[in-house]
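K.L.:
Data file final_26.csv (CSV, C-alpha atoms) is appended below.
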```
chain,number,residue,atom,x,y,z
Y,2,MET,CA,-44.5,-32.4,-136.9
Y,3,GLN,CA,-43.7,-35.0,-139.5
Y,4,VAL,CA,-40.8,-34.7,-141.9
Y,5,ASN,CA,-41.0,-36.6,-145.1
Y,6,PHE,CA,-37.5,-36.4,-146.5
Y,7,SER,CA,-38.1,-38.3,-149.8
Y,8,GLU,CA,-41.0,-36.1,-150.8
Y,9,HIS,CA,-39.5,-32.8,-149.4
Y,10,ILE,CA,-42.6,-32.2,-147.3
Y,11,VAL,CA,-43.1,-31.1,-143.7
Y,12,GLU,CA,-46.5,-31.7,-142.2
Y,13,LEU,CA,-47.3,-29.5,-139.1
Y,14,GLU,CA,-49.6,-30.3,-136.3
Y,15,SER,CA,-52.0,-27.7,-137.6
Y,16,GLU,CA,-52.3,-29.9,-140.8
Y,17,ARG,CA,-50.5,-27.2,-142.7
Y,18,THR,CA,-47.8,-28.5,-145.0
Y,19,VAL,CA,-44.6,-26.9,-146.3
Y,20,THR,CA,-42.6,-28.2,-149.3
Y,21,TRP,CA,-38.9,-27.2,-149.6
Y,22,GLN,CA,-36.0,-27.2,-152.0
Y,23,LYS,CA,-33.3,-27.1,-149.2
Y,24,LEU,CA,-33.8,-28.1,-145.6
Y,25,LEU,CA,-31.7,-27.2,-142.6
Y,26,LEU,CA,-32.2,-28.9,-139.3
Y,27,ALA,CA,-31.1,-26.5,-136.6
Y,28,THR,CA,-33.0,-27.9,-133.7
Y,29,GLY,CA,-30.3,-27.8,-131.1
Y,30,GLY,CA,-29.6,-30.6,-128.6
Y,31,LEU,CA,-31.5,-32.3,-125.9
Y,32,PRO,CA,-30.2,-32.5,-122.3
Y,33,ILE,CA,-29.3,-36.0,-121.1
Y,34,ALA,CA,-31.3,-36.9,-118.0
Y,35,PRO,CA,-29.5,-39.7,-116.1
Y,36,LYS,CA,-31.8,-42.7,-115.7
Y,37,LEU,CA,-32.3,-42.4,-112.0
Y,38,GLU,CA,-35.2,-43.4,-109.9
Y,39,GLY,CA,-37.6,-40.4,-109.6
Y,40,ILE,CA,-36.0,-38.4,-112.5
Y,41,ARG,CA,-39.5,-37.5,-113.7
Y,42,LEU,CA,-40.6,-36.0,-110.4
Y,43,GLN,CA,-42.0,-32.5,-110.3
Y,44,ALA,CA,-38.9,-30.9,-108.8
Y,45,VAL,CA,-36.4,-32.2,-111.3
Y,46,PHE,CA,-35.6,-29.7,-114.1
Y,47,THR,CA,-33.5,-29.4,-117.1
Y,48,PHE,CA,-31.9,-26.1,-118.0
Y,49,ILE,CA,-31.4,-25.6,-121.7
Y,50,LYS,CA,-34.3,-23.6,-122.9
Y,51,LEU,CA,-36.3,-20.6,-121.7
Y,52,ASP,CA,-39.2,-22.8,-120.7
Y,53,GLY,CA,-36.9,-24.7,-118.4
Y,54,ALA,CA,-35.9,-21.4,-116.7
Y,55,GLU,CA,-39.5,-20.4,-116.4
Y,56,ALA,CA,-40.5,-23.7,-114.9
Y,57,ILE,CA,-37.8,-23.3,-112.2
Y,58,ASP,CA,-38.9,-19.7,-111.6
Y,59,ARG,CA,-42.5,-20.8,-111.1
Y,60,PHE,CA,-41.5,-23.6,-108.8
Y,61,LEU,CA,-39.3,-21.3,-106.7
Y,62,ASN,CA,-42.1,-18.7,-106.4
Y,63,GLU,CA,-44.7,-21.4,-105.4
Y,64,CYS,CA,-42.3,-22.9,-102.9
Y,65,GLY,CA,-41.6,-19.5,-101.4
Y,66,LYS,CA,-38.9,-20.7,-99.0
Y,67,ARG,CA,-35.2,-21.5,-99.0
Y,68,ILE,CA,-34.8,-24.9,-100.4
Y,69,ARG,CA,-31.8,-27.2,-100.9
Y,70,SER,CA,-31.0,-28.0,-104.5
Y,71,VAL,CA,-28.6,-30.1,-106.4
Y,72,VAL,CA,-27.1,-29.2,-109.8
Y,73,LEU,CA,-25.9,-32.2,-111.7
Y,74,ASP,CA,-22.7,-31.5,-113.6
Y,75,GLY,CA,-20.5,-28.4,-113.3
Y,76,GLY,CA,-20.1,-27.5,-116.9
Y,77,LEU,CA,-20.9,-24.1,-118.4
Y,78,VAL,CA,-24.6,-24.5,-118.0
Y,79,GLY,CA,-24.4,-26.1,-114.6
Y,80,VAL,CA,-22.1,-23.3,-113.2
Y,81,SER,CA,-24.2,-20.5,-114.7
Y,82,VAL,CA,-27.4,-21.9,-113.3
Y,83,THR,CA,-25.7,-22.4,-109.9
Y,84,GLU,CA,-24.7,-18.8,-109.8
Y,85,ALA,CA,-28.3,-17.8,-110.7
Y,86,LEU,CA,-29.8,-20.0,-108.1
Y,87,ALA,CA,-27.4,-18.8,-105.5
Y,88,ARG,CA,-28.5,-15.3,-106.2
Y,89,ARG,CA,-32.1,-16.4,-105.6
Y,90,GLY,CA,-31.0,-17.5,-102.1
Y,91,LEU,CA,-30.8,-21.3,-102.5
Y,92,ASN,CA,-28.5,-23.7,-100.9
Y,93,ILE,CA,-26.9,-25.5,-103.9
Y,94,THR,CA,-24.7,-28.6,-104.2
Y,95,VAL,CA,-22.9,-28.9,-107.5
Y,96,VAL,CA,-22.0,-32.5,-108.4
Y,97,LYS,CA,-19.3,-32.9,-111.0
Y,98,MET,CA,-18.2,-36.4,-112.2
Y,99,LYS,CA,-14.7,-35.2,-113.3
Y,100,ASP,CA,-12.2,-34.0,-110.7
Y,101,ARG,CA,-12.9,-30.2,-111.3
Y,102,ILE,CA,-15.6,-28.0,-112.6
Y,103,LEU,CA,-15.5,-26.5,-116.1
Y,104,ASN,CA,-12.8,-29.0,-116.9
Y,105,THR,CA,-13.3,-28.8,-120.7
Y,106,ILE,CA,-12.9,-25.0,-121.0
Y,107,LEU,CA,-10.7,-23.9,-118.1
Y,108,ASP,CA,-7.3,-24.9,-116.9
Y,109,GLU,CA,-6.8,-26.1,-113.3
Y,110,GLU,CA,-6.0,-22.7,-111.9
Y,111,ALA,CA,-9.1,-21.1,-113.4
Y,112,SER,CA,-11.3,-24.0,-112.3
Y,113,THR,CA,-10.1,-23.6,-108.8
Y,114,LEU,CA,-10.9,-19.8,-108.9
Y,115,GLU,CA,-14.4,-20.5,-110.1
Y,116,GLU,CA,-14.9,-23.2,-107.5
Y,117,LYS,CA,-13.8,-20.8,-104.8
Y,118,ALA,CA,-16.2,-18.2,-106.1
Y,119,LEU,CA,-19.1,-20.7,-106.0
Y,120,ARG,CA,-18.2,-21.6,-102.4
Y,121,GLU,CA,-18.0,-18.0,-101.3
Y,122,ALA,CA,-21.5,-17.5,-102.8
Y,123,GLY,CA,-22.7,-20.3,-100.4
Y,124,SER,CA,-22.7,-23.3,-102.7
Y,125,GLU,CA,-21.1,-26.7,-102.1
Y,126,VAL,CA,-19.0,-28.3,-104.8
Y,127,ILE,CA,-18.4,-32.0,-105.0
Y,128,THR,CA,-16.0,-33.3,-107.7
Y,129,GLY,CA,-14.3,-36.4,-108.7
Y,130,HIS,CA,-17.2,-38.8,-108.3
Y,131,THR,CA,-17.0,-41.0,-111.3
Y,132,GLY,CA,-19.2,-44.1,-111.7
Y,133,ALA,CA,-16.4,-46.2,-110.4
Y,134,ALA,CA,-16.5,-44.5,-107.1
Y,135,HIS,CA,-17.6,-46.6,-104.2
Y,136,PRO,CA,-19.9,-47.2,-102.5
Y,137,PHE,CA,-22.4,-47.4,-105.3
Y,138,CYS,CA,-25.9,-46.8,-104.0
Y,139,ILE,CA,-29.1,-47.2,-106.0
Y,140,LEU,CA,-32.6,-48.8,-105.4
Y,141,GLY,CA,-31.8,-49.2,-101.7
Y,142,TRP,CA,-28.7,-51.2,-102.4
Y,143,THR,CA,-25.2,-50.2,-101.4
Y,144,VAL,CA,-22.4,-52.1,-103.2
Y,145,VAL,CA,-18.6,-52.1,-102.9
Y,146,TYR,CA,-16.4,-54.6,-104.6
Y,147,ASN,CA,-12.9,-55.5,-105.3
Y,148,GLY,CA,-12.0,-57.3,-108.5
Y,149,GLU,CA,-13.0,-57.7,-112.1
Y,150,ILE,CA,-16.1,-59.2,-113.6
Y,151,SER,CA,-15.3,-60.7,-117.0
Y,152,SER,CA,-18.9,-61.8,-117.8
Y,153,TYR,CA,-20.1,-58.1,-117.7
Y,154,SER,CA,-21.6,-58.0,-121.2
Y,155,ILE,CA,-23.6,-61.2,-120.8
Y,156,ASN,CA,-24.9,-60.2,-117.3
Y,157,ARG,CA,-25.8,-56.7,-118.6
Y,158,ARG,CA,-27.7,-58.0,-121.6
Y,159,TYR,CA,-29.6,-60.4,-119.4
Y,160,LEU,CA,-30.6,-57.7,-116.9
Y,161,GLN,CA,-31.6,-55.2,-119.6
Y,162,GLN,CA,-34.3,-57.7,-120.5
Y,163,PHE,CA,-35.9,-56.9,-117.2
Y,164,GLY,CA,-35.8,-53.2,-117.8
Y,165,TYR,CA,-32.6,-52.2,-116.1
Y,166,HIS,CA,-30.9,-49.2,-117.8
Y,167,TYR,CA,-27.2,-48.8,-117.6
Y,168,THR,CA,-25.9,-45.3,-117.2
Y,169,LEU,CA,-22.4,-45.8,-115.7
Y,170,GLN,CA,-21.4,-48.9,-117.5
Y,171,THR,CA,-19.5,-50.3,-114.5
Y,172,ASP,CA,-19.2,-53.8,-113.1
Y,173,THR,CA,-20.7,-52.5,-109.8
Y,174,GLU,CA,-23.9,-51.6,-111.6
Y,175,VAL,CA,-24.2,-55.1,-112.9
Y,176,VAL,CA,-23.8,-56.5,-109.4
Y,177,THR,CA,-26.3,-54.1,-107.9
Y,178,TYR,CA,-29.0,-54.8,-110.5
Y,179,ALA,CA,-28.4,-58.6,-110.2
Y,180,PHE,CA,-29.0,-58.4,-106.5
Y,181,ASP,CA,-32.1,-56.2,-107.1
Y,182,LEU,CA,-33.6,-58.6,-109.6
Y,183,LEU,CA,-33.0,-61.7,-107.6
Y,184,ILE,CA,-34.0,-60.5,-104.2
Y,185,ARG,CA,-36.5,-57.7,-104.7
Y,186,LYS,CA,-38.1,-58.8,-107.9
Y,187,HIS,CA,-37.8,-62.6,-107.8
Y,188,ASN,CA,-37.9,-63.0,-104.0
Y,189,LEU,CA,-35.0,-65.5,-103.9
Y,190,PRO,CA,-33.5,-66.3,-100.5
Y,191,LEU,CA,-30.0,-65.0,-100.0
Y,192,GLU,CA,-28.3,-68.5,-100.0
Y,193,LEU,CA,-29.9,-69.1,-103.4
Y,194,VAL,CA,-28.8,-65.7,-104.7
Y,195,ALA,CA,-25.2,-66.7,-103.9
Y,196,LYS,CA,-25.7,-69.9,-105.8
Y,197,VAL,CA,-26.9,-67.9,-108.8
Y,198,LEU,CA,-24.1,-65.4,-108.8
Y,199,ALA,CA,-21.3,-67.7,-107.8
Y,200,PRO,CA,-22.6,-71.2,-108.4
Y,201,PRO,CA,-20.8,-74.4,-107.6
Y,202,PHE,CA,-19.1,-76.2,-110.6
Y,203,TRP,CA,-21.2,-78.9,-112.3
Y,204,SER,CA,-18.8,-81.5,-110.9
Y,205,ASP,CA,-19.5,-80.3,-107.4
Y,206,ILE,CA,-23.2,-80.1,-107.9
Y,207,GLU,CA,-23.2,-83.8,-108.6
Y,208,ARG,CA,-22.0,-84.4,-105.1
Y,209,ILE,CA,-24.8,-82.3,-103.4
Y,210,PRO,CA,-27.6,-84.4,-101.8
Y,211,LEU,CA,-30.3,-85.1,-104.4
Y,212,GLY,CA,-33.1,-82.7,-103.2
Y,213,GLU,CA,-30.8,-79.7,-103.0
Y,214,GLN,CA,-28.9,-80.8,-106.1
Y,215,LYS,CA,-32.1,-80.4,-108.2
Y,216,LEU,CA,-32.6,-76.9,-106.9
Y,217,VAL,CA,-29.1,-75.8,-107.5
Y,218,GLN,CA,-29.2,-77.4,-111.0
Y,219,ALA,CA,-32.4,-75.6,-111.8
Y,220,VAL,CA,-31.2,-72.2,-110.5
Y,221,ARG,CA,-27.9,-72.6,-112.5
Y,222,GLN,CA,-29.9,-73.3,-115.7
Y,223,VAL,CA,-32.5,-70.6,-115.3
Y,224,TYR,CA,-30.1,-67.9,-114.2
Y,225,HIS,CA,-27.2,-69.1,-116.4
Y,226,SER,CA,-26.7,-65.6,-117.8
Y,227,LEU,CA,-26.3,-64.0,-114.3
Y,228,LEU,CA,-23.3,-66.1,-113.4
Y,229,LEU,CA,-20.5,-63.7,-112.4
Y,230,LYS,CA,-17.3,-64.8,-113.9
Y,231,GLY,CA,-14.0,-63.4,-112.9
Y,232,LEU,CA,-12.4,-62.6,-109.6
Y,233,PHE,CA,-14.3,-60.5,-107.0
Y,234,ALA,CA,-15.1,-59.9,-103.4
Y,235,ILE,CA,-18.4,-58.1,-103.1
Y,236,ILE,CA,-20.1,-56.5,-100.1
Y,237,VAL,CA,-23.8,-55.6,-100.5
Y,238,ALA,CA,-25.7,-53.7,-97.8
Y,239,HIS,CA,-29.4,-53.4,-97.7
Y,240,HIS,CA,-31.8,-52.4,-95.0
Y,241,GLY,CA,-30.1,-53.7,-91.9
Y,242,GLU,CA,-28.2,-56.5,-93.5
Y,243,MET,CA,-24.8,-56.9,-95.1
Y,244,ILE,CA,-23.9,-59.6,-97.5
Y,245,GLY,CA,-20.4,-60.7,-98.5
Y,246,LEU,CA,-19.8,-62.7,-101.7
Y,247,THR,CA,-16.6,-64.0,-103.4
Y,248,ASP,CA,-16.1,-65.6,-106.7
Y,249,ARG,CA,-16.5,-69.4,-106.7
Y,250,ILE,CA,-12.9,-70.3,-106.7
Y,251,ARG,CA,-11.9,-67.6,-104.3
Y,252,LEU,CA,-9.4,-65.8,-106.3
Y,253,ARG,CA,-10.4,-62.9,-104.1
Y,254,LEU,CA,-11.0,-63.6,-100.5
Y,255,LEU,CA,-13.4,-62.0,-98.0
Y,256,THR,CA,-12.0,-61.6,-94.5
Y,257,VAL,CA,-14.3,-61.2,-91.5
Y,258,GLY,CA,-13.2,-59.3,-88.4
Y,259,GLU,CA,-15.1,-59.2,-85.2
Y,260,LYS,CA,-14.9,-56.8,-82.3
Y,261,SER,CA,-17.6,-57.4,-79.7
Y,262,ASP,CA,-20.9,-56.8,-81.6
Y,263,MET,CA,-19.3,-55.1,-84.6
Y,264,LEU,CA,-18.6,-57.1,-87.7
Y,265,TYR,CA,-16.2,-56.1,-90.4
Y,266,LEU,CA,-16.0,-57.4,-94.0
Y,267,SER,CA,-13.1,-56.7,-96.3
Y,268,SER,CA,-11.0,-58.4,-99.0
Y,269,GLU,CA,-7.9,-57.5,-96.9
Y,270,GLU,CA,-7.4,-58.2,-93.3
Y,271,SER,CA,-5.0,-55.3,-93.1
Y,272,ASP,CA,-7.7,-52.9,-94.1
Y,273,ILE,CA,-9.9,-54.0,-91.2
Y,274,CYS,CA,-7.0,-53.6,-88.9
Y,275,LEU,CA,-6.6,-50.0,-90.1
Y,276,ILE,CA,-10.1,-49.2,-88.8
Y,277,CYS,CA,-10.1,-51.4,-85.8
Y,278,PRO,CA,-6.5,-52.4,-84.7
Y,279,GLU,CA,-7.6,-54.7,-81.9
Y,280,LEU,CA,-10.0,-57.3,-83.2
Y,281,ASP,CA,-11.4,-60.1,-81.1
Y,282,ARG,CA,-11.0,-62.5,-84.0
Y,283,THR,CA,-10.6,-62.7,-87.8
Y,284,TRP,CA,-11.4,-65.5,-90.2
Y,285,VAL,CA,-12.1,-66.2,-93.8
Y,286,PRO,CA,-15.6,-67.8,-94.3
Y,287,GLY,CA,-15.6,-71.2,-96.0
Y,288,TRP,CA,-11.8,-71.3,-95.9
Y,289,ARG,CA,-11.4,-73.6,-92.8
Y,290,ALA,CA,-14.3,-75.8,-93.8
Y,291,ASP,CA,-12.7,-76.2,-97.2
Y,292,CYS,CA,-9.3,-76.9,-95.6
Y,293,ARG,CA,-10.9,-79.4,-93.3
Y,294,GLU,CA,-12.5,-81.1,-96.3
Y,295,ALA,CA,-9.3,-81.1,-98.2
Y,296,LYS,CA,-7.6,-82.4,-95.1
Y,297,ASP,CA,-10.2,-85.2,-94.8
Y,298,ASN,CA,-9.8,-86.1,-98.5
Y,299,ILE,CA,-6.1,-86.3,-98.2
Y,300,ALA,CA,-6.4,-88.2,-94.9
Y,301,ALA,CA,-8.9,-90.6,-96.5
Y,302,ALA,CA,-6.5,-91.1,-99.4
Y,303,THR,CA,-3.7,-91.7,-97.0
Y,304,ASN,CA,-5.7,-94.0,-94.9
Y,305,SER,CA,-6.7,-96.2,-97.8
Y,306,TYR,CA,-3.1,-96.2,-99.0
Y,307,LYS,CA,-1.9,-97.2,-95.6
Y,308,GLY,CA,-4.9,-99.4,-94.8
Y,309,ASN,CA,-4.8,-97.8,-91.4
Y,310,SER,CA,-8.1,-96.2,-90.3
Y,311,ASN,CA,-6.6,-94.6,-87.2
Y,312,SER,CA,-4.0,-92.3,-88.8
Y,313,ARG,CA,-6.0,-89.2,-89.8
Y,314,GLY,CA,-3.5,-87.0,-91.7
Y,315,GLY,CA,-2.6,-84.1,-89.4
Y,316,ASP,CA,0.1,-82.4,-91.5
Y,317,VAL,CA,-2.2,-80.2,-93.6
Y,318,LYS,CA,-2.0,-76.7,-92.3
Y,319,CYS,CA,-5.0,-74.4,-92.5
N,27,MET,CA,-58.8,-27.4,-146.2
N,28,ALA,CA,-55.1,-28.0,-145.3
N,29,ARG,CA,-52.8,-25.3,-146.6
N,30,THR,CA,-49.6,-26.0,-148.5
N,31,ASP,CA,-46.7,-23.6,-148.7
N,32,LYS,CA,-43.8,-23.8,-151.1
N,33,THR,CA,-40.5,-22.6,-149.9
N,34,THR,CA,-36.9,-22.6,-151.2
N,35,TYR,CA,-35.2,-22.8,-147.9
N,36,LEU,CA,-36.8,-24.5,-144.9
N,37,ILE,CA,-35.1,-24.1,-141.6
N,38,ILE,CA,-36.3,-26.1,-138.6
N,39,GLY,CA,-35.1,-24.4,-135.4
N,40,ASN,CA,-35.1,-20.7,-134.5
N,41,SER,CA,-32.0,-20.2,-132.3
N,42,ALA,CA,-28.5,-19.2,-133.1
N,43,GLY,CA,-27.9,-21.9,-135.7
N,44,GLY,CA,-31.2,-21.4,-137.6
N,45,ILE,CA,-31.1,-17.6,-137.5
N,46,GLY,CA,-27.4,-17.4,-138.4
N,47,ALA,CA,-28.1,-19.7,-141.4
N,48,ALA,CA,-31.1,-17.5,-142.5
N,49,GLU,CA,-29.0,-14.4,-142.4
N,50,ALA,CA,-26.2,-16.0,-144.3
N,51,ILE,CA,-28.6,-17.2,-147.0
N,52,ARG,CA,-30.0,-13.7,-147.3
N,53,GLU,CA,-26.6,-12.3,-148.0
N,54,VAL,CA,-26.3,-14.4,-151.1
N,55,ASP,CA,-29.9,-14.9,-152.1
N,56,ASN,CA,-32.3,-12.0,-151.9
N,57,ALA,CA,-35.2,-13.7,-153.7
N,58,GLY,CA,-35.4,-17.3,-152.4
N,59,VAL,CA,-38.2,-17.9,-149.9
N,60,ILE,CA,-37.0,-18.6,-146.4
N,61,THR,CA,-39.3,-20.3,-143.9
N,62,ILE,CA,-38.4,-21.0,-140.3
N,63,ILE,CA,-40.4,-23.5,-138.2
N,64,TYR,CA,-39.9,-23.7,-134.5
N,65,ASP,CA,-41.9,-24.8,-131.5
N,66,GLU,CA,-40.9,-22.3,-128.8
N,67,PRO,CA,-43.6,-19.8,-127.9
N,68,TYR,CA,-41.0,-17.0,-127.5
N,69,PRO,CA,-39.3,-14.7,-130.0
N,70,ILE,CA,-35.7,-15.6,-130.7
N,71,HIS,CA,-33.5,-14.9,-127.7
N,72,SER,CA,-30.1,-15.7,-126.4
N,73,ARG,CA,-30.0,-19.2,-124.8
N,74,PRO,CA,-26.9,-18.5,-122.6
N,75,LEU,CA,-28.9,-15.6,-121.0
N,76,ILE,CA,-31.6,-17.8,-119.5
N,77,SER,CA,-29.6,-18.0,-116.3
N,78,GLU,CA,-29.7,-14.2,-116.1
N,79,TYR,CA,-33.5,-14.5,-116.8
N,80,LEU,CA,-33.8,-16.7,-113.7
N,81,THR,CA,-32.2,-14.0,-111.6
N,82,TYR,CA,-34.6,-11.3,-113.1
N,83,ARG,CA,-31.6,-9.2,-114.2
N,84,TYR,CA,-32.6,-9.8,-117.9
N,85,PRO,CA,-36.2,-9.7,-118.9
N,86,LEU,CA,-37.0,-11.3,-122.2
N,87,GLU,CA,-37.0,-8.0,-124.0
N,88,ARG,CA,-33.3,-7.6,-123.2
N,89,MET,CA,-32.5,-11.1,-124.3
N,90,LEU,CA,-33.6,-10.8,-127.9
N,91,PHE,CA,-31.2,-11.4,-130.8
N,92,HIS,CA,-33.1,-9.1,-133.1
N,93,ALA,CA,-35.6,-6.4,-133.3
N,94,PRO,CA,-39.2,-7.8,-133.5
N,95,ASP,CA,-39.5,-6.8,-137.1
N,96,PHE,CA,-36.4,-8.7,-138.1
N,97,TYR,CA,-38.3,-11.4,-140.0
N,98,GLU,CA,-40.3,-8.9,-142.0
N,99,GLN,CA,-37.2,-6.8,-142.8
N,100,SER,CA,-35.3,-9.9,-143.9
N,101,ASN,CA,-38.3,-11.3,-145.7
N,102,ILE,CA,-38.3,-14.5,-143.8
```
Just dump the structure as structure tokens.
P.N.:
Amino acid sequence: MQVNFSEHIVELESERTVTWQKLLLATGGLPIAPKLEGIRLQAVFTFIKLDGAEAIDRFLNECGKRIRSVVLDGGLVGVSVTEALARRGLNITVVKMKDRILNTILDEEASTLEEKALREAGSEVITGHTGAAHPFCILGWTVVYNGEISSYSINRRYLQQFGYHYTLQTDTEVVTYAFDLLIRKHNLPLELVAKVLAPPFWSDIERIPLGEQKLVQAVRQVYHSLLLKGLFAIIVAHHGEMIGLTDRIRLRLLTVGEKSDMLYLSSEESDICLICPELDRTWVPGWRADCREAKDNIAAATNSYKGNSNSRGGDVKC
Amino acid sequence: MARTDKTTYLIIGNSAGGIGAAEAIREVDNAGVITIIYDEPYPIHSRPLISEYLTYRYPLERMLFHAPDFYEQSNI
């Protein structure tokens, strides 16, 4: 159907046209489908019109067995469809981003009553999972992070050019898609990914041996818009590997804890100790090496000042 | 040959909003031509009742807003 507002003409698919004096658009709304992988699969439905209900009905009849189902959002429509599906004998999990179902129309007490009723009818209710909740999992990546990324808008715009859609508008989403682009789509090795997201300063790049220097320079130029500014400690897990990354000036630290063959990563050592009080050892990656370098620099300076090559400065504590 | 109709009031959408507007127009204007265009293959029914439809407690006949001859009666 085509609506020509200036000519006051509507052209229907049957080629029939209608002219009007007054026009009212009462088309109703469209459901918002979150941009998730697989959202167009056969068993994903919206529930706003009768044809949606009929599609679910057909699907259930064809399936012919008890199946698990998830209802996204516990608003009025979500709750009513949950009740209906429960009566059809399904196991349902309602996921609500806010901390209680029907939060816009009921008070806390009434919400609790409805939640209890849903549970008694055999449904599970999960609430309080906002986009900021960790861990954030999508596309096979699991991300947790501590900090604040101030380059969010630039990073997001860059990633959008590669077809990434932002639904939650969080920093975590930026980090996840950045890892996905660099590792899965562009096949960069991990070390290089770290140099893209938290690159050395230009003044430091000058001191890198020439071959590697060119690589780091090129990567910094090409992926300039993916540089993560701000302070952060990020942990990314992906198919049997776990990656820790901090901002380049380490305003946030990553601490590593080891207990036999178990490895812990956290921005706070005290958090690791909560889970595993007796660690074999803990350390901060890069910290000692840096201290040693600083120590060496100071020592070298001291040496040249004293003109004594034997006195390596030993008073710098790590 | 494509057919052209002239109407005074054209309403796109045949649910609560569209129908409510048509009824309200009829209250003040008995003569003006009202045309409703919609794409659903069903007669007008209550949207909130589609959950009940899914449980088979309400067939479509019990979900209708109006008698089937509503449009003729109201000259829509």
K.L.:
Compare Y:Val223, Y:Ala238, Y:Ala111, Y:Leu182 by their minimum atom-to-atom distance to Gln162 in chain Y, counting all atoms listed in the file, and give me the closest one.
P.N.:
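Under the stated criterion, the closest residue is Y:Leu182.
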K.L.:
So the first atom is CA of Tyr68 in chain N and the second is CA of Gly39 in chain N; what is the distance between them in Å, to one decimal place?
P.N.:
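Separating CA of Tyr68 in chain N from CA of Gly39 in chain N is a distance of 12.3 Å.
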K.L.:
Would you kindly report the residues of chain N within 6 Å of chain Y, using all atoms listed in the file, as a VMD selection string?
P.N.:
chain N and resid 28 to 39 43 to 44 76 to 77 80 to 81
K.L.:
If you count only C-alpha atoms, which residues fall within 9 Å of range 139-150 of chain Y, apart from same-chain ones fewer than 6 positions away, as a PyMOL selection string?
P.N.:
chain Y and resi 37-38+172-174+176-178+180-181+229-240+253+268
K.L.:
For the atom pair CA of Ser41 in chain N and CA of Val59 in chain N, what is the interatomic distance in Å to one decimal place?
P.N.:
18.8 Å
K.L.:
List every protein, DNA or RNA residue with an atom no more than 8 Å from (-41.5, -20.0, -139.7) in the file's coordinates, counting all atoms listed in the file, and format the result as a PyMOL selection string.
P.N.:
chain N and resi 37+61-64+102
K.L.:
What is the CA of Leu228 in chain Y to CA of Ile273 in chain Y distance in Å?
P.N.:
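Taking CA of Leu228 in chain Y as the start and CA of Ile273 in chain Y as the end point, the length is 28.6 Å.
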K.L.:
Need to verify the contact set: Asn56 in chain N, 12 Å, only C-alpha atoms, exclusion of same-chain residues closer than 2 positions in sequence. Can you return it as a list in words?
P.N.:
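The residues that qualify are Thr34, Tyr35, Ala48, Glu49, Ala50, Ile51, Arg52, Glu53, Val54, Gly58, Val59, Ile60, Gln99, Ser100, Asn101 and Ile102 of chain N.
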K.L.:
Hey, what's within 12 Å of Arg88 in chain N if we count all atoms listed in the file and toss same-chain stuff fewer than 5 positions away? As a ChimeraX atom specification, please?
P.N.:
/N:69-72,75-76,78-79,82-83,93-94
K.L.:
List as a VMD selection string the protein and nucleic acid residues near Glu125 in chain Y, meaning an atom at most 7 Å away when all atoms listed in the file are counted, but skip any in the same chain fewer than 3 places from it.
P.N.:
chain Y and resid 93 to 95 120
K.L.:
Just write the chosen residues, C-alpha atoms, as a PDB file, in the frame of the given file.
P.N.:
```pdb
ATOM      1  CA  ILE Y  93     -26.900 -25.500-103.900  1.00  0.00           C
ATOM      2  CA  THR Y  94     -24.700 -28.600-104.200  1.00  0.00           C
ATOM      3  CA  VAL Y  95     -22.900 -28.900-107.500  1.00  0.00           C
ATOM      4  CA  ARG Y 120     -18.200 -21.600-102.400  1.00  0.00           C
TER       5      ARG Y 120
END
```
K.L.:
Write out as a list in words each polymer residue whose atoms come within 9 Å of Tyr167 in chain Y, counting all atoms listed in the file; drop sequence neighbours fewer than 5 positions from it.
P.N.:
Lys36, Arg157, Gln161, Glu174 and Val175 of chain Y
K.L.:
Can you spit out range 51-65 of chain N with C-alpha atoms, as an mmCIF file, in the first residue's frame, from the structure just given?
P.N.:
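Saved result, decode_8.cif, follows:
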```
data_model
loop_
_atom_site.group_PDB
_atom_site.id
_atom_site.type_symbol
_atom_site.label_atom_id
_atom_site.label_comp_id
_atom_site.auth_asym_id
_atom_site.auth_seq_id
_atom_site.Cartn_x
_atom_site.Cartn_y
_atom_site.Cartn_z
ATOM 1 C CA ILE N 51 -17.409 10.338 13.293
ATOM 2 C CA ARG N 52 -20.803 8.709 12.713
ATOM 3 C CA GLU N 53 -22.150 10.379 15.827
ATOM 4 C CA VAL N 54 -21.526 13.811 14.345
ATOM 5 C CA ASP N 55 -21.639 13.140 10.612
ATOM 6 C CA ASN N 56 -24.251 10.772 9.197
ATOM 7 C CA ALA N 57 -23.627 11.531 5.534
ATOM 8 C CA GLY N 58 -19.849 11.582 5.053
ATOM 9 C CA VAL N 59 -18.374 8.488 3.434
ATOM 10 C CA ILE N 60 -16.181 6.499 5.835
ATOM 11 C CA THR N 61 -13.713 3.978 4.445
ATOM 12 C CA ILE N 62 -11.576 1.675 6.558
ATOM 13 C CA ILE N 63 -8.531 -0.066 5.105
ATOM 14 C CA TYR N 64 -6.800 -2.865 6.996
ATOM 15 C CA ASP N 65 -4.613 -5.814 6.196
#
```
